[in-house]
>>> print(open('my_file10.txt').read())   # compact mmCIF, C-alpha atoms
# COMPACT_ATOMS: atom_id res chain seq x y z
CA MET A 1 25.83 -16.81 1.82
CA PRO A 2 25.55 -18.64 -1.48
CA LYS A 3 27.24 -16.42 -3.99
CA LYS A 4 26.61 -18.29 -7.16
CA SER A 5 23.94 -20.89 -6.98
CA ALA A 6 24.83 -24.16 -8.59
CA GLN A 7 21.40 -25.55 -7.94
CA PRO A 8 19.14 -26.29 -10.88
CA PRO A 9 16.53 -23.63 -11.60
CA PRO A 10 13.33 -24.25 -9.71
CA PRO A 11 10.50 -25.55 -11.81
CA ALA A 12 8.24 -22.67 -12.68
CA GLU A 13 4.75 -23.88 -12.11
CA THR A 14 2.92 -20.58 -11.96
CA GLU A 15 1.17 -19.14 -14.94
CA GLN A 16 4.18 -17.16 -16.10
CA PRO A 17 6.68 -19.85 -16.91
CA GLU A 18 9.98 -18.14 -17.35
CA ALA A 19 13.37 -19.65 -17.82
CA PRO A 20 15.46 -18.67 -14.85
CA ILE A 21 19.00 -19.75 -15.64
CA VAL A 22 21.81 -17.70 -14.20
CA GLU A 23 20.72 -14.25 -15.31
CA PRO A 24 18.43 -12.50 -12.86
CA THR A 25 14.89 -12.89 -14.08
CA PRO A 26 13.49 -9.55 -15.11
CA PRO A 27 10.42 -8.47 -13.19
CA VAL A 28 7.02 -8.77 -14.77
CA ASP A 29 5.80 -5.35 -15.69
CA VAL A 30 2.38 -4.98 -14.14
CA LEU A 31 0.03 -2.25 -15.23
CA TYR A 32 -1.84 -0.59 -12.41
CA CYS A 33 -5.01 1.42 -12.76
CA SER A 34 -4.24 5.07 -12.18
CA VAL A 35 -7.61 5.59 -10.51
CA CYS A 36 -7.76 2.82 -7.93
CA THR A 37 -4.13 1.52 -8.09
CA PHE A 38 -5.32 -2.07 -8.61
CA PRO A 39 -4.33 -4.10 -11.64
CA PRO A 40 -7.14 -3.25 -14.11
CA GLU A 41 -8.63 -6.73 -13.93
CA TYR A 42 -9.54 -6.04 -10.30
CA CYS A 43 -11.13 -2.64 -10.91
CA GLU A 44 -14.55 -4.24 -10.88
CA PHE A 45 -14.11 -4.92 -7.18
CA GLY A 46 -12.91 -1.45 -6.32
CA SER A 47 -14.94 1.51 -5.22
CA SER A 48 -14.50 3.57 -8.39
CA PHE A 49 -15.41 1.10 -11.12
CA THR A 50 -17.01 3.61 -13.47
CA ARG A 51 -14.08 5.97 -13.39
CA CYS A 52 -11.63 3.07 -13.73
CA LYS A 53 -13.48 1.90 -16.81
CA GLU A 54 -13.32 5.34 -18.37
CA TRP A 55 -9.63 5.54 -17.70
CA LEU A 56 -8.98 2.16 -19.23
CA LYS A 57 -11.06 2.94 -22.28
CA GLU A 58 -9.08 6.09 -22.87
CA ASP A 59 -5.57 4.92 -22.11
CA HIS A 60 -5.61 1.24 -22.98
CA PRO A 61 -8.49 0.52 -25.37
CA ASP A 62 -7.12 -2.93 -26.22
CA LEU A 63 -7.24 -3.96 -22.58
CA PHE A 64 -10.66 -2.47 -22.23
CA ASP A 65 -11.95 -4.76 -24.96
CA LYS A 66 -10.24 -7.68 -23.33
CA TYR A 67 -11.89 -7.15 -19.98
CA TYR A 68 -15.28 -5.66 -20.73
CA SER A 69 -16.47 -6.96 -24.10
CA ASP A 70 -19.45 -9.27 -24.22
CA GLU A 71 -17.57 -12.50 -24.81
CA ALA A 72 -15.20 -11.57 -22.02
CA PHE A 73 -18.17 -11.32 -19.72
CA GLN A 74 -18.85 -15.02 -19.99
CA THR A 75 -15.32 -15.99 -19.04
CA ARG A 76 -15.28 -13.30 -16.45
CA ILE A 77 -18.08 -14.67 -14.38
CA GLY A 78 -16.59 -18.14 -14.70
CA THR A 79 -18.22 -20.60 -12.39
CA LEU A 80 -20.20 -17.98 -10.57
CA SER A 81 -23.93 -18.15 -11.10
CA LEU A 82 -25.57 -15.27 -12.91
CA GLU A 83 -27.58 -14.49 -9.85
CA ALA A 84 -24.51 -14.10 -7.69
CA GLN A 85 -22.95 -11.96 -10.40
CA THR A 86 -25.86 -9.53 -10.40
CA LYS A 87 -25.66 -9.34 -6.66
CA LEU A 88 -21.98 -8.61 -6.91
CA GLU A 89 -22.58 -5.86 -9.40
CA LYS A 90 -25.21 -4.35 -7.18
CA ASP A 91 -22.82 -4.45 -4.27
CA THR A 92 -20.14 -2.75 -6.31
CA ALA A 93 -22.53 0.00 -7.33
CA LYS A 94 -23.49 0.52 -3.72
CA LYS A 95 -19.89 0.62 -2.63
CA GLU A 96 -19.14 3.11 -5.34
CA ALA A 97 -21.92 5.43 -4.28
CA LYS A 98 -20.69 5.22 -0.73
CA ALA A 99 -17.12 6.03 -1.69
CA GLU A 100 -18.30 8.95 -3.75
CA ALA A 101 -20.29 10.37 -0.87
CA LYS A 102 -17.28 9.99 1.34
CA ALA A 103 -15.04 11.77 -1.14
CA ASP A 104 -17.59 14.55 -1.42
CA ALA A 105 -17.70 15.00 2.32
CA ALA A 106 -13.92 15.05 2.50
CA LEU A 107 -13.76 17.69 -0.21
CA LYS A 108 -16.34 19.82 1.52
CA LYS A 109 -14.44 19.58 4.75
CA LYS A 110 -11.29 20.56 2.96
CA LEU A 111 -12.90 23.56 1.39
CA SER A 112 -14.34 24.77 4.65
CA SER A 113 -11.25 24.24 6.77
CA GLN A 114 -9.22 27.26 7.74
CA VAL A 115 -5.55 27.95 7.94
CA THR A 116 -4.70 30.21 10.84
CA ILE A 117 -1.53 32.22 11.02
CA ARG A 118 -0.99 33.50 14.54
CA ARG A 119 1.58 35.99 15.62
CA ILE A 120 2.46 35.26 19.21
CA GLU A 121 4.40 37.69 21.31
CA ARG A 122 7.30 36.23 23.21
CA THR A 123 9.28 39.00 24.84
CA LYS A 124 8.86 42.71 24.21
CA ARG A 125 9.66 42.97 20.58
CA LYS A 126 10.10 39.33 19.70
CA HIS A 127 7.47 37.13 18.11
CA VAL A 128 6.91 33.67 16.82
CA THR A 129 4.47 32.74 14.09
CA ALA A 130 2.29 29.70 14.50
CA ILE A 131 0.63 28.26 11.41
CA TYR A 132 -2.19 25.88 12.07
CA GLY A 133 -4.39 23.86 9.73
CA LEU A 134 -2.08 23.12 6.83
CA ASP A 135 -2.49 19.38 7.27
CA ALA A 136 -6.15 19.62 6.26
CA PHE A 137 -4.94 20.45 2.75
CA GLY A 138 -2.74 17.39 2.59
CA ILE A 139 0.50 19.20 3.18
CA ASP A 140 3.36 17.43 4.88
CA LEU A 141 3.98 19.61 7.93
CA LYS A 142 7.57 18.54 8.34
CA LYS A 143 8.41 19.45 4.78
CA ALA A 144 6.57 22.75 5.04
CA ALA A 145 8.45 23.57 8.25
CA LYS A 146 11.71 22.82 6.53
CA GLN A 147 10.74 25.09 3.69
CA PHE A 148 9.90 27.93 6.04
CA ALA A 149 13.14 27.42 7.91
CA SER A 150 15.26 27.66 4.80
CA LYS A 151 13.26 30.52 3.35
CA PHE A 152 13.39 32.74 6.41
CA ALA A 153 16.70 31.43 7.72
CA THR A 154 15.18 30.89 11.15
CA GLY A 155 14.06 27.98 13.22
CA ALA A 156 10.81 26.35 12.21
CA SER A 157 9.39 23.26 13.79
CA VAL A 158 6.32 21.12 14.03
CA THR A 159 4.92 21.26 17.56
CA LYS A 160 1.78 20.28 19.33
CA ASN A 161 -0.34 23.22 20.39
CA PRO A 162 -2.26 23.25 23.69
CA GLN A 163 -5.15 21.44 22.02
CA GLY A 164 -2.78 18.63 21.13
CA LEU A 165 -2.86 19.33 17.41
CA ASP A 166 0.15 19.74 15.18
CA GLU A 167 1.12 23.18 14.01
CA ILE A 168 4.20 24.82 12.57
CA VAL A 169 5.99 27.36 14.70
CA VAL A 170 8.37 29.72 12.93
CA GLN A 171 10.66 32.03 14.85
CA GLY A 172 10.20 35.71 14.18
CA ASP A 173 7.27 37.68 12.87
CA VAL A 174 6.82 36.33 9.36
CA SER A 175 3.02 36.21 9.20
CA ASP A 176 2.71 38.46 6.13
CA GLU A 177 5.41 36.60 4.27
CA VAL A 178 3.80 33.29 5.10
CA LEU A 179 0.49 34.59 3.80
CA ASP A 180 2.16 35.63 0.55
CA MET A 181 3.80 32.24 0.21
CA ILE A 182 0.52 30.43 0.71
CA GLU A 183 -1.24 32.65 -1.82
CA GLU A 184 1.45 32.03 -4.40
CA GLY A 185 1.63 28.34 -3.56
CA VAL A 186 5.40 28.14 -3.24
CA GLY A 187 7.00 24.69 -3.00
CA VAL A 188 4.88 22.30 -0.97
CA LEU A 189 2.28 24.90 -0.07
CA LYS A 190 -0.08 24.11 -2.91
CA GLY A 191 -3.81 23.99 -3.22
CA ILE A 192 -4.87 26.34 -0.46
CA PRO A 193 -7.51 28.90 -1.44
CA ALA A 194 -6.40 32.33 -0.27
CA ASP A 195 -9.82 33.02 1.27
CA ASN A 196 -9.30 30.28 3.78
CA VAL A 197 -6.27 31.88 5.34
CA GLU A 198 -6.55 34.29 8.22
CA ILE A 199 -4.06 36.14 10.32
CA VAL A 200 -4.64 36.41 14.06
CA GLU A 201 -2.56 38.28 16.57
CA ASP A 202 -2.02 36.97 20.05
CA LYS A 203 -1.10 39.46 22.74
CA LYS A 204 0.69 38.31 25.80
CA LYS A 205 -1.73 38.55 28.68
CA LYS A 206 0.63 39.72 31.37
CA GLY A 207 4.15 41.07 31.49
CA GLY A 208 3.89 42.83 28.13
CA ASP A 209 4.07 46.57 27.90
CA MET B 1 -2.91 -7.90 9.25
CA PHE B 2 -2.78 -4.61 7.38
CA LYS B 3 -6.43 -3.81 7.14
CA LYS B 4 -5.88 -0.85 9.41
CA PHE B 5 -2.37 0.43 9.36
CA SER B 6 -1.26 4.01 9.60
CA PRO B 7 2.44 4.81 9.51
CA SER B 8 2.24 7.57 12.08
CA THR B 9 0.82 5.44 14.89
CA ASP B 10 1.74 1.88 14.02
CA ILE B 11 5.43 2.21 13.28
CA ALA B 12 7.78 2.09 16.22
CA GLY B 13 10.98 2.90 14.38
CA HIS B 14 13.34 2.41 11.48
CA THR B 15 16.64 0.68 12.08
CA PRO B 16 19.30 -0.41 9.64
CA VAL B 17 19.92 -4.13 9.89
CA LYS B 18 23.34 -5.49 10.86
CA THR B 19 25.24 -7.15 8.03
CA SER B 20 25.43 -10.44 9.87
CA VAL B 21 21.68 -10.44 10.36
CA GLN B 22 21.19 -9.44 6.73
CA ARG B 23 23.21 -12.44 5.69
CA SER B 24 20.99 -14.79 7.66
CA ILE B 25 17.85 -13.10 6.29
CA ARG B 26 19.13 -13.52 2.76
CA ALA B 27 19.80 -17.19 3.35
CA ALA B 28 16.38 -17.65 4.92
CA VAL B 29 14.62 -15.94 2.02
CA LEU B 30 16.52 -18.02 -0.50
CA SER B 31 15.56 -21.21 1.25
CA GLN B 32 11.91 -20.24 1.76
CA TRP B 33 11.07 -18.75 -1.63
CA LYS B 34 11.53 -20.22 -5.05
CA ILE B 35 13.95 -17.57 -6.08
CA GLU B 36 17.46 -17.64 -7.49
CA SER B 37 20.06 -15.63 -5.67
CA GLU B 38 20.66 -13.57 -8.82
CA THR B 39 17.08 -12.41 -8.91
CA LEU B 40 17.12 -11.63 -5.22
CA GLU B 41 20.29 -9.69 -5.88
CA ALA B 42 18.35 -7.60 -8.42
CA ILE B 43 15.57 -6.90 -5.92
CA TRP B 44 17.87 -6.33 -3.00
CA PRO B 45 21.45 -5.57 -4.05
CA LYS B 46 24.08 -6.71 -1.60
CA LYS B 47 25.43 -3.22 -1.22
CA GLU B 48 22.10 -1.73 -0.26
CA GLY B 49 21.44 -1.92 3.42
CA LEU B 50 18.18 -3.40 4.53
CA VAL B 51 16.08 -1.25 6.83
CA LEU B 52 13.90 -2.87 9.43
CA VAL B 53 10.66 -1.07 10.11
CA LYS B 54 9.23 -2.26 13.38
CA CYS B 55 5.48 -2.13 13.66
CA ARG B 56 2.99 -2.94 16.35
CA GLU B 57 2.09 -6.54 17.16
CA HIS B 58 5.52 -7.90 16.26
CA VAL B 59 5.23 -7.20 12.58
CA SER B 60 8.50 -6.31 10.93
CA ILE B 61 8.67 -4.87 7.47
CA TYR B 62 11.98 -4.84 5.64
CA THR B 63 12.57 -2.08 3.15
CA VAL B 64 15.18 -1.28 0.53
CA HIS B 65 15.37 2.39 -0.38
CA GLY B 66 12.18 2.97 1.56
CA GLU B 67 10.25 0.51 -0.53
CA PRO B 68 8.84 -2.38 1.47
CA ILE B 69 9.97 -5.69 0.00
CA PHE B 70 9.13 -8.26 2.61
CA LEU B 71 7.59 -8.68 5.99
CA GLN B 72 7.63 -11.04 8.87
CA HIS B 73 5.40 -11.75 11.83
CA PHE B 74 7.26 -12.71 15.01
CA ASP B 75 10.01 -14.95 13.65
CA GLY B 76 7.76 -16.72 11.19
CA PRO B 77 8.36 -17.10 7.49
CA PHE B 78 9.06 -14.14 5.23
CA PHE B 79 6.25 -12.85 3.02
CA PRO B 80 6.89 -10.76 -0.06
CA THR B 81 4.78 -7.65 -0.39
CA LEU B 82 2.07 -7.89 -3.01
CA ARG B 83 3.81 -5.44 -5.32
CA LEU B 84 6.93 -7.57 -5.27
CA LEU B 85 4.87 -10.68 -5.86
CA HIS B 86 3.28 -9.09 -8.91
CA LYS B 87 6.72 -8.52 -10.33
CA TYR B 88 8.00 -11.99 -9.55
CA PRO B 89 4.90 -14.17 -9.46
CA TYR B 90 6.75 -17.50 -9.29
CA ILE B 91 8.44 -17.04 -5.93
CA LEU B 92 5.59 -18.44 -3.88
CA PRO B 93 3.41 -21.50 -4.49
CA MET B 94 -0.01 -20.59 -5.81
CA VAL B 95 -3.50 -21.28 -4.59
CA LYS B 96 -6.54 -19.94 -6.34
CA VAL B 97 -9.92 -18.91 -4.98
CA ASP B 98 -13.17 -18.87 -6.90
CA ARG B 99 -14.80 -15.70 -8.05
CA GLY B 100 -17.29 -15.54 -5.23
CA ALA B 101 -14.50 -15.24 -2.69
CA ILE B 102 -12.69 -12.29 -4.28
CA ARG B 103 -15.07 -9.79 -2.80
CA PHE B 104 -14.48 -11.07 0.71
CA LEU B 105 -10.76 -11.33 0.21
CA LEU B 106 -10.66 -7.69 -0.84
CA ALA B 107 -12.42 -6.87 2.41
CA GLY B 108 -9.65 -8.59 4.31
CA ALA B 109 -11.26 -11.93 5.15
CA HIS B 110 -9.32 -15.15 5.55
CA MET B 111 -9.84 -17.72 2.84
CA MET B 112 -12.07 -20.64 3.66
CA CYS B 113 -11.65 -24.16 2.31
CA PRO B 114 -14.73 -24.28 0.03
CA GLY B 115 -13.48 -21.26 -1.93
CA LEU B 116 -10.31 -23.14 -2.78
CA THR B 117 -11.78 -26.57 -3.40
CA SER B 118 -14.69 -25.49 -5.59
CA ALA B 119 -14.63 -25.55 -9.39
CA GLY B 120 -13.12 -22.10 -9.76
CA GLY B 121 -10.47 -22.65 -7.13
CA TYR B 122 -7.12 -24.34 -7.40
CA LEU B 123 -5.00 -26.26 -4.95
CA PRO B 124 -1.71 -27.92 -5.80
CA PRO B 125 -2.09 -31.62 -6.68
CA ALA B 126 -1.38 -34.30 -4.11
CA GLU B 127 2.23 -34.83 -5.16
CA ALA B 128 3.00 -31.15 -4.64
CA ALA B 129 0.95 -30.80 -1.47
CA LEU B 130 1.84 -27.93 0.83
CA PRO B 131 2.05 -28.38 4.58
CA ALA B 132 0.37 -25.99 7.00
CA GLY B 133 2.22 -22.76 7.66
CA THR B 134 3.47 -22.17 4.11
CA PRO B 135 3.34 -18.68 2.64
CA VAL B 136 1.27 -18.78 -0.53
CA ALA B 137 0.27 -16.41 -3.29
CA ILE B 138 -3.51 -16.13 -3.47
CA HIS B 139 -4.69 -15.87 -7.03
CA ALA B 140 -8.26 -15.48 -8.20
CA GLU B 141 -10.38 -17.25 -10.75
CA GLY B 142 -9.97 -15.80 -14.23
CA LYS B 143 -7.40 -13.24 -13.12
CA GLU B 144 -3.80 -12.99 -14.08
CA HIS B 145 -2.23 -11.37 -11.07
CA ALA B 146 -2.18 -12.36 -7.45
CA VAL B 147 -4.73 -10.72 -5.22
CA GLY B 148 -3.19 -11.46 -1.86
CA VAL B 149 -0.48 -13.13 0.16
CA GLY B 150 -1.34 -15.55 2.91
CA ILE B 151 -0.21 -18.44 5.03
CA THR B 152 -1.81 -21.87 4.95
CA LYS B 153 -3.52 -22.93 8.15
CA LEU B 154 -4.08 -26.49 7.02
CA GLY B 155 -2.13 -28.74 4.72
CA THR B 156 -3.54 -28.67 1.20
CA GLU B 157 -4.55 -32.31 1.34
CA GLU B 158 -6.27 -31.66 4.62
CA MET B 159 -8.18 -28.77 3.05
CA LYS B 160 -9.57 -31.09 0.42
CA LYS B 161 -10.61 -33.56 3.10
CA VAL B 162 -12.07 -31.25 5.73
CA ASN B 163 -13.45 -28.64 3.32
CA LYS B 164 -14.55 -26.37 6.10
CA GLY B 165 -13.22 -23.40 7.98
CA VAL B 166 -10.16 -21.24 7.47
CA ALA B 167 -7.69 -22.59 4.95
CA VAL B 168 -5.45 -19.65 4.22
CA GLU B 169 -4.97 -16.77 6.57
CA THR B 170 -4.62 -13.54 4.62
CA THR B 171 -1.53 -11.52 5.42
CA THR B 172 -1.80 -8.72 2.91
CA TYR B 173 -4.24 -8.17 0.08
CA LEU B 174 -4.99 -5.83 -2.76
CA GLY B 175 -6.17 -2.49 -1.45
CA ASP B 176 -5.17 -2.82 2.20
CA ASP B 177 -3.20 -0.14 3.96
CA LEU B 178 0.13 -1.74 3.12
CA TRP B 179 -0.81 -1.73 -0.55
CA VAL B 180 -1.67 1.95 -0.39
CA LEU B 181 1.68 2.66 1.20
CA LYS B 182 4.19 2.81 -1.61
CA ALA B 183 7.14 3.86 0.46
CA LEU B 184 8.01 3.91 4.12
>>> encode(input="my_file10.txt", output="structure tokens")
Amino acid sequence: MPKKSAQPPPPAETEQPEAPIVEPTPPVDVLYCSVCTFPPEYCEFGSSFTRCKEWLKEDHPDLFDKYYSDEAFQTRIGTLSLEAQTKLEKDTAKKEAKAEAKADAALKKKLSSQVTIRRIERTKRKHVTAIYGLDAFGIDLKKAAKQFASKFATGASVTKNPQGLDEIVVQGDVSDEVLDMIEEGVGVLKGIPADNVEIVEDKKKKGGD
Amino acid sequence: MFKKFSPSTDIAGHTPVKTSVQRSIRAAVLSQWKIESETLEAIWPKKEGLVLVKCREHVSIYTVHGEPIFLQHFDGPFFPTLRLLHKYPYILPMVKVDRGAIRFLLAGAHMMCPGLTSAGGYLPPAEAALPAGTPVAIHAEGKEHAVGVGITKLGTEEMKKVNKGVAVETTTYLGDDLWVLKAL
């Protein structure tokens, strides 16, 4: 492996001509839009252009002027014909509306989804608690299981239930404690409305008392 | 390549890479990219082990500290991820597409010759012509940062001559599922 390169620095022919000598070249610091994660110059192609614009106006007004002022518009469309530009803008607006509708639907689904805490009987006086539906609220099941395990000092794991969906199974009857934790939003369990949580009890069909 | 990519189904496993293999990868990267070993050292310190993330369809992503830095398809050339390319824009040769093509590129399309040869596009001049199969940074007309990473399907001189069909095959682009993924 070449430890110290004796070769001459490569000619920098890209738009950021830097002088790479022996020191490692520092990385270019690129600003990314906090709304759509693109560099702000590409926001106009994203699906949240209006919100991106607002963000840029607020946080980086100098850049906003650079990209969206009237004289910038001319350079922005470059060689593209005006007609094609209007079409592009129309497309963007359409895309934006679509993305918004999608986000709305996702939010609605999230609000209506339920978290079920089931107490399942194992042997006579032993139970496990199965918590289903946390993933709908964007919670990492593995992390949540870990949190339960350390909180209750028992085993907690992510398993597939008979329907083939992931749920967390905690050893022991901890359904009330879990409910409290969800209501308080401890650790990773954030953003779940308390109304969406229900406790169900499963009795063993046969062999119980 | 990464238009649809979800870590839970498309990743087969993470494995640390053997030091001997790491050495050959480092040499390969240094020979393929326009990068000094000191800069590569800053991106990927020698002491930090490289982790190979195997994905479906023979795509391998290499990560340092969980952050993807480059990827490879079969045993082809190494591509930097777009985030890395934004930080070090000079490591790959540049081609530029005109403004009309950006929209399609952001939808994951391959780049066609006319988009590169038209007034808004840019191809390296004849004396710096690129052969087919070179990884390139895809820039866009009037924009500062790269918008994608791709591999040339034709030599650049050939593109100018034929001016038809796929010129650059897009590997990863702004807004694809690899871009969304900040860490693996």
>>> atom_distance(input="my_file10.txt", atom1="atom CA of Lys34 of chain B", atom2="atom CA of Lys3 of chain B")
27.2 Å
>>> closest_residue(input="my_file10.txt", among="A:Asp176, A:Glu44, A:Glu121, A:Asp202", to="chain B", atoms="only C-alpha atoms")
A:Glu44
>>> interface_residues(input="my_file10.txt", of="chain B", to="chain A", cutoff="7 Å", atoms="all atoms listed in the file", output="PyMOL selection string")
chain B and resi 23+27+34+37-39+42+86-88+90+94+99-100+103+119-120+142-143+174
>>> residues_around(input="my_file10.txt", residues="Gly175 of chain B", least_positions_apart="3", cutoff="7 Å", atoms="only C-alpha atoms", output="JSON, numbers by chain")
{"B": [106, 179, 180]}
>>> residues_around(input="my_file10.txt", residues="segment 57-62 of chain B", least_positions_apart="4", cutoff="8 Å", atoms="only C-alpha atoms", output="ChimeraX atom specification")
/B:50-53,68-74
>>> atom_distance(input="my_file10.txt", atom1="atom CA of Val149 of chain B", atom2="atom CA of Leu63 of chain A")
25.4 Å
>>> closest_residue(input="my_file10.txt", among="B:Gly148, B:Leu85, B:Arg56, B:Pro77", to="Gly13 of chain B", atoms="all atoms listed in the file")
B:Arg56
>>> residues_around(input="my_file10.txt", residues="Trp33 of chain B", least_positions_apart="4", cutoff="7 Å", atoms="only C-alpha atoms", output="number ranges by chain")
B: 29, 91-92
>>> atom_distance(input="my_file10.txt", atom1="atom CA of Gly187 of chain A", atom2="atom CA of Phe148 of chain A")
10.0 Å
>>> residues_around(input="my_file10.txt", residues="Ala153 of chain A", least_positions_apart="4", cutoff="12 Å", atoms="only C-alpha atoms", output="list in words")
Ala145, Lys146, Gln147, Phe148, Ala149, Val170, Gln171, Gly172 and Val174 of chain A
>>> residues_around(input="my_file10.txt", residues="Leu134 of chain A", least_positions_apart="2", cutoff="12 Å", atoms="all atoms listed in the file", output="JSON list (two decimals) with C-alpha atoms, in the coordinates of the input")
[["chain", "number", "residue", "atom", "x", "y", "z"],
["A", 110, "LYS", "CA", -11.29, 20.56, 2.96],
["A", 113, "SER", "CA", -11.25, 24.24, 6.77],
["A", 114, "GLN", "CA", -9.22, 27.26, 7.74],
["A", 115, "VAL", "CA", -5.55, 27.95, 7.94],
["A", 116, "THR", "CA", -4.70, 30.21, 10.84],
["A", 117, "ILE", "CA", -1.53, 32.22, 11.02],
["A", 130, "ALA", "CA", 2.29, 29.70, 14.50],
["A", 131, "ILE", "CA", 0.63, 28.26, 11.41],
["A", 132, "TYR", "CA", -2.19, 25.88, 12.07],
["A", 136, "ALA", "CA", -6.15, 19.62, 6.26],
["A", 137, "PHE", "CA", -4.94, 20.45, 2.75],
["A", 138, "GLY", "CA", -2.74, 17.39, 2.59],
["A", 139, "ILE", "CA", 0.50, 19.20, 3.18],
["A", 140, "ASP", "CA", 3.36, 17.43, 4.88],
["A", 141, "LEU", "CA", 3.98, 19.61, 7.93],
["A", 142, "LYS", "CA", 7.57, 18.54, 8.34],
["A", 143, "LYS", "CA", 8.41, 19.45, 4.78],
["A", 144, "ALA", "CA", 6.57, 22.75, 5.04],
["A", 145, "ALA", "CA", 8.45, 23.57, 8.25],
["A", 158, "VAL", "CA", 6.32, 21.12, 14.03],
["A", 165, "LEU", "CA", -2.86, 19.33, 17.41],
["A", 166, "ASP", "CA", 0.15, 19.74, 15.18],
["A", 167, "GLU", "CA", 1.12, 23.18, 14.01],
["A", 168, "ILE", "CA", 4.20, 24.82, 12.57],
["A", 178, "VAL", "CA", 3.80, 33.29, 5.10],
["A", 182, "ILE", "CA", 0.52, 30.43, 0.71],
["A", 188, "VAL", "CA", 4.88, 22.30, -0.97],
["A", 189, "LEU", "CA", 2.28, 24.90, -0.07],
["A", 190, "LYS", "CA", -0.08, 24.11, -2.91],
["A", 191, "GLY", "CA", -3.81, 23.99, -3.22],
["A", 192, "ILE", "CA", -4.87, 26.34, -0.46],
["A", 193, "PRO", "CA", -7.51, 28.90, -1.44],
["A", 196, "ASN", "CA", -9.30, 30.28, 3.78],
["A", 197, "VAL", "CA", -6.27, 31.88, 5.34]]
>>> residues_near_point(input="my_file10.txt", point="(-1.3, -18.7, 2.5)", cutoff="9 Å", atoms="only C-alpha atoms", output="ChimeraX atom specification")
/B:93-95,111,132-138,148-153,167-171
>>> axis_aligned_box(input="my_file10.txt", around="segment 37-51 of chain B", padding_each_side="6 Å", output="JSON")
{"center_x": 20.5, "center_y": -8.4, "center_z": -1.0, "size_x": 21.9, "size_y": 26.4, "size_z": 27.7}
>>> closest_residue(input="my_file10.txt", among="B:Phe78, B:Tyr173, B:Phe5, B:Tyr122", to="Glu141 of chain B", atoms="all atoms listed in the file")
B:Tyr122
>>> closest_residue(input="my_file10.txt", among="A:Ser47, A:His127, A:Lys160, A:Asp180", to="Lys94 of chain A", atoms="all atoms listed in the file")
A:Ser47
